[in-house]
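Containing mmCIF, C-alpha atoms: query_27.cif.
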data_final
#
loop_
_atom_site.group_PDB
_atom_site.id
_atom_site.type_symbol
_atom_site.label_atom_id
_atom_site.label_comp_id
_atom_site.auth_asym_id
_atom_site.auth_seq_id
_atom_site.Cartn_x
_atom_site.Cartn_y
_atom_site.Cartn_z
ATOM 1 C CA GLN A 1 53.866 160.496 293.225
ATOM 2 C CA VAL A 2 53.948 164.155 294.225
ATOM 3 C CA GLN A 3 54.076 165.094 297.882
ATOM 4 C CA LEU A 4 53.057 168.487 299.156
ATOM 5 C CA GLU A 5 55.119 169.910 302.003
ATOM 6 C CA GLU A 6 53.560 172.414 304.376
ATOM 7 C CA SER A 7 55.456 174.621 306.779
ATOM 8 C CA GLY A 8 54.865 177.583 309.044
ATOM 9 C CA GLY A 9 52.551 176.151 311.676
ATOM 10 C CA GLY A 10 53.125 176.656 315.369
ATOM 11 C CA LEU A 11 51.819 178.144 318.582
ATOM 12 C CA VAL A 12 50.570 181.716 318.616
ATOM 13 C CA GLN A 13 48.552 183.850 320.997
ATOM 14 C CA ALA A 14 45.087 185.056 320.087
ATOM 15 C CA GLY A 15 45.316 188.109 317.846
ATOM 16 C CA GLY A 16 48.621 186.983 316.405
ATOM 17 C CA SER A 17 49.620 185.999 312.886
ATOM 18 C CA LEU A 18 51.171 183.057 311.076
ATOM 19 C CA ARG A 19 52.097 182.417 307.470
ATOM 20 C CA LEU A 20 51.774 178.923 306.076
ATOM 21 C CA SER A 21 53.619 177.766 302.982
ATOM 22 C CA CYS A 22 53.135 174.730 300.773
ATOM 23 C CA ALA A 23 55.308 173.484 297.958
ATOM 24 C CA PRO A 24 55.440 170.226 295.995
ATOM 25 C CA SER A 25 58.311 167.803 296.524
ATOM 26 C CA ARG A 26 58.822 167.744 292.777
ATOM 27 C CA ARG A 27 59.587 171.320 291.783
ATOM 28 C CA THR A 28 58.471 170.760 288.194
ATOM 29 C CA PHE A 29 54.956 169.943 289.375
ATOM 30 C CA SER A 30 52.586 172.653 288.199
ATOM 31 C CA SER A 31 49.065 172.497 289.524
ATOM 32 C CA ASP A 32 45.737 174.047 288.662
ATOM 33 C CA ALA A 33 43.840 175.366 291.680
ATOM 34 C CA MET A 34 45.452 175.152 295.111
ATOM 35 C CA GLY A 35 43.869 175.508 298.478
ATOM 36 C CA TRP A 36 43.959 175.120 302.215
ATOM 37 C CA PHE A 37 41.735 173.010 304.408
ATOM 38 C CA ARG A 38 41.796 172.467 308.146
ATOM 39 C CA GLN A 39 40.676 169.876 310.649
ATOM 40 C CA ALA A 40 40.097 170.744 314.279
ATOM 41 C CA PRO A 41 40.125 168.049 316.972
ATOM 42 C CA GLY A 42 36.930 166.022 316.826
ATOM 43 C CA LYS A 43 35.689 167.772 313.707
ATOM 44 C CA GLU A 44 35.601 167.050 310.005
ATOM 45 C CA ARG A 45 38.043 168.593 307.578
ATOM 46 C CA GLU A 46 36.734 171.899 306.261
ATOM 47 C CA PHE A 47 37.537 174.255 303.425
ATOM 48 C CA VAL A 48 39.505 177.397 304.286
ATOM 49 C CA ALA A 49 40.636 179.078 301.071
ATOM 50 C CA ALA A 50 41.417 178.398 297.417
ATOM 51 C CA ILE A 51 43.190 180.162 294.599
ATOM 52 C CA SER A 52 43.056 179.681 290.852
ATOM 53 C CA ARG A 53 46.013 178.661 288.719
ATOM 54 C CA GLY A 54 46.772 182.225 287.703
ATOM 55 C CA GLY A 55 46.086 183.623 291.142
ATOM 56 C CA THR A 56 43.396 185.982 289.903
ATOM 57 C CA SER A 57 40.499 184.225 291.621
ATOM 58 C CA THR A 58 40.305 183.434 295.322
ATOM 59 C CA HIS A 59 37.627 181.988 297.585
ATOM 60 C CA TYR A 60 37.378 181.921 301.357
ATOM 61 C CA ALA A 61 35.287 180.290 304.017
ATOM 62 C CA ASP A 62 33.080 182.833 305.757
ATOM 63 C CA SER A 63 34.842 182.139 309.030
ATOM 64 C CA VAL A 64 38.188 183.445 307.731
ATOM 65 C CA LYS A 65 37.155 186.222 305.334
ATOM 66 C CA GLY A 66 38.947 189.451 306.115
ATOM 67 C CA ARG A 67 41.528 187.695 308.284
ATOM 68 C CA PHE A 68 43.223 185.142 305.995
ATOM 69 C CA THR A 69 44.790 185.753 302.601
ATOM 70 C CA ILE A 70 45.763 183.052 300.124
ATOM 71 C CA SER A 71 48.381 183.719 297.472
ATOM 72 C CA ARG A 72 50.682 181.747 295.198
ATOM 73 C CA ASP A 73 54.036 182.110 293.509
ATOM 74 C CA ASN A 74 53.894 180.041 290.339
ATOM 75 C CA ALA A 75 57.611 180.466 289.729
ATOM 76 C CA LYS A 76 58.146 178.508 292.951
ATOM 77 C CA ASN A 77 54.976 176.402 292.684
ATOM 78 C CA THR A 78 54.249 177.562 296.209
ATOM 79 C CA VAL A 79 50.987 178.577 297.838
ATOM 80 C CA TYR A 80 50.785 180.670 300.988
ATOM 81 C CA LEU A 81 48.177 181.343 303.632
ATOM 82 C CA GLN A 82 48.649 184.531 305.607
ATOM 83 C CA MET A 83 46.605 184.264 308.783
ATOM 84 C CA ASN A 84 45.976 187.379 310.838
ATOM 85 C CA SER A 85 43.854 188.032 313.925
ATOM 86 C CA LEU A 86 44.036 184.373 314.833
ATOM 87 C CA GLN A 87 41.523 183.080 317.346
ATOM 88 C CA PRO A 88 41.434 179.898 319.443
ATOM 89 C CA GLU A 89 38.787 178.489 317.112
ATOM 90 C CA ASP A 90 41.351 178.591 314.308
ATOM 91 C CA THR A 91 43.303 175.863 316.103
ATOM 92 C CA ALA A 92 43.554 172.924 313.706
ATOM 93 C CA VAL A 93 45.798 170.927 311.461
ATOM 94 C CA TYR A 94 46.037 172.825 308.195
ATOM 95 C CA TYR A 95 46.334 170.861 304.962
ATOM 96 C CA CYS A 96 47.470 172.043 301.583
ATOM 97 C CA MET A 97 45.727 170.729 298.474
ATOM 98 C CA ALA A 98 46.744 170.968 294.832
ATOM 99 C CA ARG A 99 44.502 170.008 291.956
ATOM 100 C CA LEU A 100 45.758 168.808 288.608
ATOM 101 C CA GLY A 101 43.041 167.768 286.208
ATOM 102 C CA ALA A 102 40.848 165.301 288.050
ATOM 103 C CA MET A 103 43.451 164.500 290.712
ATOM 104 C CA ASP A 104 43.878 166.102 294.109
ATOM 105 C CA PHE A 105 47.163 165.987 295.990
ATOM 106 C CA TRP A 106 47.413 166.580 299.737
ATOM 107 C CA GLY A 107 50.095 167.433 302.230
ATOM 108 C CA GLN A 108 50.614 165.828 305.619
ATOM 109 C CA GLY A 109 49.363 168.891 307.457
ATOM 110 C CA THR A 110 50.862 171.462 309.771
ATOM 111 C CA LEU A 111 49.501 172.159 313.237
ATOM 112 C CA VAL A 112 48.355 175.639 314.177
ATOM 113 C CA THR A 113 47.562 176.216 317.840
ATOM 114 C CA VAL A 114 46.092 179.504 319.005
ATOM 115 C CA SER A 115 46.122 180.131 322.747
ATOM 116 C CA SER A 116 43.660 182.441 324.459
#

Turn the structure described in the file into structure tokens.
Amino acid sequence: QVQLEESGGGLVQAGGSLRLSCAPSRRTFSSDAMGWFRQAPGKEREFVAAISRGGTSTHYADSVKGRFTISRDNAKNTVYLQMNSLQPEDTAVYYCMARLGAMDFWGQGTLVTVSS
């Protein structure tokens, strides 16, 4: 079973930046699309961003367009989420997802807290 390991969460003031990283526990694991989701307190998990296997295609939720950038390093099997201009409404647990065929793999989540 492959585990995804997120890192980079923390506390930041509004307007600040954070960079999240996600890598599989098994370094030989090579996924198709990868993405980020988030779940705020009392809300359902929502899509944030996704990137294709080759990194040439990306998709973003409207709420983060222009502020967040997803990227991946296939040599390291790592996906990143650069988050700029963070706002209190971005406060959530951020989850990494990797798709391989018909299977989705998830991380345990990393908490991002944005103070006003």

* Straight-line distance linking CA of Gly35 in chain A with CA of Leu86 in chain A, stated in Å to one decimal -> 18.6 Å

Sorted by chain and rising residue number, which residues of range 75-96 of chain A lie within 7 Å of range 40-63 of chain A, and what are their closest atom pairs and distances in Å to one decimal, counting only C-alpha atoms, as a tab-separated table?
residue	atom	partner	partner_atom	distance
A:Thr91	CA	A:Ala40	CA	6.3
A:Ala92	CA	A:Ala40	CA	4.1
A:Val93	CA	A:Ala40	CA	6.4

* Nearest residue to Leu100 in chain A from the set A:Gln3, A:Ala23, A:Phe29, A:Gly10 (distances using all atoms listed in the file) ->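 Closest to Leu100 in chain A of all the choices is A:Phe29.
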
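Nearest to Asn77 in chain A of all the residues A:Met34, A:Leu18, A:Val12, A:Val112 is A:Met34, based on only C-alpha atoms.
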
* Asked: How would you write as a list of chain:residue names the residues that get within 8 Å of (47.7, 185.7, 297.2) in the file's frame, counting only C-alpha atoms?
  ->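 Applying the cut-off with only C-alpha atoms, one gets A:Ile51, A:Gly55, A:Thr58, A:Thr69, A:Ile70, A:Ser71, A:Arg72, A:Val79, A:Tyr80, A:Leu81.
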
* To do: Could you tell me how far CA of Gly101 in chain A lies from CA of Gln39 in chain A, in Å and to one decimal?
  =>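 Between these atoms lies a distance of 24.6 Å.
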
* What is the distance between CA of Gly109 in chain A and CA of Gln1 in chain A, in Å to one decimal? ->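 Separation of CA of Gly109 in chain A and CA of Gln1 in chain A: 17.1 Å.
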
* Which neighbours of Val2 in chain A fall inside 9 Å, counting only C-alpha atoms, when residues of the same chain fewer than 2 positions from it are skipped, and could you give them as a list in words? ->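 The contact residues come out as Leu4, Pro24, Ser25, Arg26, Phe29, Phe105 and Trp106 of chain A.
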
* Asked: A:Asn84, A:Glu5, A:Lys65, A:Glu89: which is nearest Ser115 in chain A, counting all atoms listed in the file?
  ->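 Closest to Ser115 in chain A of all the choices is A:Glu89.
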
* Which of these, A:Thr28, A:Ser116, A:Thr78, A:Gln108, has the shortest distance to Ala14 in chain A once you count all atoms listed in the file? ->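 The shortest atom-to-atom distance to Ala14 in chain A comes from A:Ser116.
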
* Asked: What's the 10 Å shell around Met103 in chain A, counting all atoms listed in the file, without same-chain residues fewer than 4 positions away, as a ChimeraX atom specification?
  -> /A:31,98-99
